[in-house]
Amino acid sequence: MGDIASNPESSGIGRLAELIHGNPMDRLDTDMKLVIEALAELGARPLEQSSPDMARRQPKLIDAISAIMARQGRAPSDDGVSTEDITYQAAEDELAARVYRPIGLLSRLNPMIAYFHGGGFVTGDLDMHDATARALARRTGAIVVSLDYRLGPEHKFPAAHEDAYAAWRWLVGAARDLGGDPRRIAVAGEDAGANLALNVALMARDARLTQPLAQLLIHPIAGSDMSRPSYGETLRARPIGMPGMQWRMRHELEDREQMSDPRIDLASREDLAGVAPATIILAQIDPLRSEGEALAEALEAAGVNVTCTVHEGVTQGFFGLGLIVTKALFAQSEAAEALNQAFGRGRRS
């Protein structure tokens, strides 16, 4: 796949960036460093050294959190959120979904969040990002529906985008049956899921369907240019650096040309007007940081209300790690405040 499959160590831009900025892992804050070290102790291998099947089976950040808590003698506490596993009609077949309901809901028409998990279009599932969905439900009081979608390389682009749009249409129709308000649904996601979330907003706008009330985009995949600064700065970043992103795109896309598809290269689009306000949350030590910043600029230029925050000392995937990583709690509070404002609700814990 041309540039996507190239060796980043031979990139002059990447080598220069690393000389200037040093090893990105030296910039980890104390909490994030503890998690990354625990992940290494569990035997996790870099994505670029794994097959897709190996990558899906190896330890994840959430496993590192569990290991740290076990070592500290801490048991997970009741977060006041119940779950229900269901299915929804995706583009070609039924796929898994999980409904998160804060215990004690009083209204029959509650705000809802459609959430698409991360994993770069190749890994990831409902369990891997369970902590994010729980945190959003607890902090907003909304019903969160976490939606699975097809992954590459078995189902290459645009299969995930087709499923995400089908998921949105299904959720709008099923909202009342799930106890939700179809007029108050936000869309959220992480990396690949954040890309899907914004694409859902754009497709719903173009089809003149019910549109999301708000967008929560956590370190979105939003560009095609791997010469952006954050890619060069993350040659040796873990869990995801520039080589890991190249690996993901190689398995998701058929060819290099698809990197420029407007559904992938969102930051270069000039038709972003008319979508819901967006909260963009980025991690400093993440190859996706620069394109997330570019996306924020593009949305703002299109007249969309945008808030963009870069959290220092953390890596891609940090948002759901609030049991250990303090910066994750800050990011969750920021996200919840924006969503609650969109829902017309007061602040929650």
# chains A, B, ... in the order shown; residues from 1 in each chain; ligands from 1
>>> residues_around(residues="region 208-224 of chain A", least_positions_apart="3", cutoff="8 Å", atoms="only C-alpha atoms", output="PyMOL selection string")
chain A and resi 120+172+183-195+197-198+201+204-205+259-260+264-268+275-283+288-289+291-292+295+316+319+335+339+342-343
>>> residues_around(residues="Ala44 (chain A)", least_positions_apart="3", cutoff="6 Å", atoms="only C-alpha atoms", output="JSON, numbers by chain")
{"A": [40, 58, 59]}
>>> write_last_selection(atoms="N, CA, C and O atoms", output="short mmCIF file (atom, residue, chain, number, x, y, z; two decimals), in the first residue's frame")
data_model
loop_
_atom_site.label_atom_id
_atom_site.label_comp_id
_atom_site.auth_asym_id
_atom_site.auth_seq_id
_atom_site.Cartn_x
_atom_site.Cartn_y
_atom_site.Cartn_z
N ALA A 40 3.20 -3.82 29.24
CA ALA A 40 4.39 -4.53 28.77
C ALA A 40 4.63 -5.79 29.60
O ALA A 40 5.00 -6.85 29.05
N GLN A 58 -4.27 -10.27 22.23
CA GLN A 58 -3.24 -9.91 23.20
C GLN A 58 -3.79 -8.94 24.24
O GLN A 58 -4.87 -8.35 24.08
N PRO A 59 -3.05 -8.76 25.35
CA PRO A 59 -3.53 -7.86 26.42
C PRO A 59 -3.74 -6.44 25.92
O PRO A 59 -3.04 -5.95 25.04
#
>>> residues_around(residues="Met242 (chain A)", least_positions_apart="4", cutoff="6 Å", atoms="only C-alpha atoms", output="ChimeraX atom specification")
/A:231,234-235,287
>>> select_by_dssp(residues="region 100-210 of chain A", states="strand (DSSP E)", output="PyMOL selection string")
chain A and resi 100-102+110-116+143-147+180-190
>>> select_by_dssp(residues="region 12-77 of chain A", states="alpha helix (DSSP H)", output="VMD selection string")
chain A and resid 12 to 21 30 to 41 52 to 57 61 to 71
>>> residues_around(residues="Val35 (chain A)", least_positions_apart="3", cutoff="10 Å", atoms="only C-alpha atoms", output="number ranges by chain")
A: 30-32, 38-41, 61-68, 318, 321, 324-325
>>> closest_atom_pairs(of="region 228-344 of chain A", to="region 128-145 of chain A", cutoff="6 Å", atoms="only C-alpha atoms", output="JSON lines")
{"residue": "A:Gly320", "atom": "CA", "partner": "A:Thr132", "partner_atom": "CA", "distance": 4.5}
{"residue": "A:Ala336", "atom": "CA", "partner": "A:Thr140", "partner_atom": "CA", "distance": 5.6}
{"residue": "A:Asn340", "atom": "CA", "partner": "A:Thr140", "partner_atom": "CA", "distance": 6.0}
>>> residues_around(residues="Met54 (chain A)", least_positions_apart="3", cutoff="12 Å", atoms="only C-alpha atoms", output="PyMOL selection string")
chain A and resi 43-51+57-60+122-123
>>> residues_around(residues="Glu154 (chain A)", least_positions_apart="2", cutoff="12 Å", atoms="only C-alpha atoms", output="list in words")
Pro52, Asp53, Phe121, Val122, Thr123, Tyr149, Arg150, Leu151, Gly152, Lys156, Phe157, Pro158, Ala159, Ala160, His251, Glu252, Leu253 and Glu254 of chain A
>>> write_last_selection(atoms="N, CA and C atoms", output="mmCIF file, in the first residue's frame")
data_model
loop_
_atom_site.group_PDB
_atom_site.id
_atom_site.type_symbol
_atom_site.label_atom_id
_atom_site.label_comp_id
_atom_site.auth_asym_id
_atom_site.auth_seq_id
_atom_site.Cartn_x
_atom_site.Cartn_y
_atom_site.Cartn_z
ATOM 1 N N PRO A 52 -3.546 -9.427 12.633
ATOM 2 C CA PRO A 52 -4.795 -8.942 13.226
ATOM 3 C C PRO A 52 -5.346 -9.871 14.301
ATOM 4 N N ASP A 53 -5.284 -11.173 14.054
ATOM 5 C CA ASP A 53 -5.806 -12.120 15.041
ATOM 6 C C ASP A 53 -5.000 -12.061 16.334
ATOM 7 N N PHE A 121 -10.229 0.448 13.316
ATOM 8 C CA PHE A 121 -10.941 -0.295 12.267
ATOM 9 C C PHE A 121 -10.497 -1.748 12.155
ATOM 10 N N VAL A 122 -9.564 -2.206 13.013
ATOM 11 C CA VAL A 122 -9.032 -3.568 12.895
ATOM 12 C C VAL A 122 -9.227 -4.360 14.188
ATOM 13 N N THR A 123 -9.016 -3.732 15.330
ATOM 14 C CA THR A 123 -9.237 -4.387 16.621
ATOM 15 C C THR A 123 -10.363 -3.647 17.340
ATOM 16 N N TYR A 149 -19.256 -2.982 14.964
ATOM 17 C CA TYR A 149 -19.251 -2.815 13.511
ATOM 18 C C TYR A 149 -18.185 -3.748 12.933
ATOM 19 N N ARG A 150 -18.284 -3.992 11.643
ATOM 20 C CA ARG A 150 -17.347 -4.918 11.004
ATOM 21 C C ARG A 150 -15.943 -4.318 10.931
ATOM 22 N N LEU A 151 -14.944 -5.200 11.017
ATOM 23 C CA LEU A 151 -13.545 -4.794 11.070
ATOM 24 C C LEU A 151 -12.761 -5.334 9.881
ATOM 25 N N GLY A 152 -11.696 -4.611 9.521
ATOM 26 C CA GLY A 152 -10.737 -5.108 8.550
ATOM 27 C C GLY A 152 -9.722 -6.007 9.250
ATOM 28 N N LYS A 156 -13.163 -4.836 4.736
ATOM 29 C CA LYS A 156 -12.413 -3.608 4.524
ATOM 30 C C LYS A 156 -13.336 -2.407 4.304
ATOM 31 N N PHE A 157 -12.729 -1.230 4.331
ATOM 32 C CA PHE A 157 -13.424 0.022 4.087
ATOM 33 C C PHE A 157 -14.263 -0.080 2.816
ATOM 34 N N PRO A 158 -15.535 0.393 2.856
ATOM 35 C CA PRO A 158 -16.190 1.186 3.907
ATOM 36 C C PRO A 158 -17.174 0.391 4.760
ATOM 37 N N ALA A 159 -16.910 -0.890 5.026
ATOM 38 C CA ALA A 159 -17.865 -1.716 5.772
ATOM 39 C C ALA A 159 -18.227 -1.102 7.117
ATOM 40 N N ALA A 160 -17.233 -0.628 7.861
ATOM 41 C CA ALA A 160 -17.507 -0.049 9.180
ATOM 42 C C ALA A 160 -18.404 1.184 9.060
ATOM 43 N N HIS A 251 -4.354 -2.751 6.945
ATOM 44 C CA HIS A 251 -5.342 -3.826 7.086
ATOM 45 C C HIS A 251 -6.770 -3.364 6.814
ATOM 46 N N GLU A 252 -7.032 -2.074 6.921
ATOM 47 C CA GLU A 252 -8.392 -1.572 6.733
ATOM 48 C C GLU A 252 -8.671 -1.172 5.290
ATOM 49 N N LEU A 253 -7.682 -0.626 4.608
ATOM 50 C CA LEU A 253 -7.903 -0.058 3.282
ATOM 51 C C LEU A 253 -7.391 -0.978 2.179
ATOM 52 N N GLU A 254 -8.020 -0.866 1.022
ATOM 53 C CA GLU A 254 -7.606 -1.678 -0.123
ATOM 54 C C GLU A 254 -6.336 -1.139 -0.758
#
>>> closest_residue(among="A:Leu202, A:Phe330, A:Ala97, A:Met112", to="Arg176 (chain A)", atoms="only C-alpha atoms")
A:Met112
>>> atom_distance(atom1="CA of Leu109 (chain A)", atom2="CA of Gly344 (chain A)")
13.3 Å
>>> closest_residue(among="A:Gln72, A:Gln89, A:Gln332, A:Ser77", to="Tyr165 (chain A)", atoms="only C-alpha atoms")
A:Gln89
>>> closest_residue(among="A:Gly173, A:Pro229, A:Pro239, A:Gly313", to="Gly119 (chain A)", atoms="only C-alpha atoms")
A:Pro239
>>> atom_distance(atom1="CA of Met25 (chain A)", atom2="CA of Gly118 (chain A)")
21.5 Å
>>> closest_residue(among="A:Ala237, A:Met245, A:Ala90, A:Ala296", to="Thr315 (chain A)", atoms="only C-alpha atoms")
A:Ala237
>>> closest_residue(among="A:Arg169, A:Pro102, A:Asn199, A:Ser227", to="Asp78 (chain A)", atoms="only C-alpha atoms")
A:Pro102
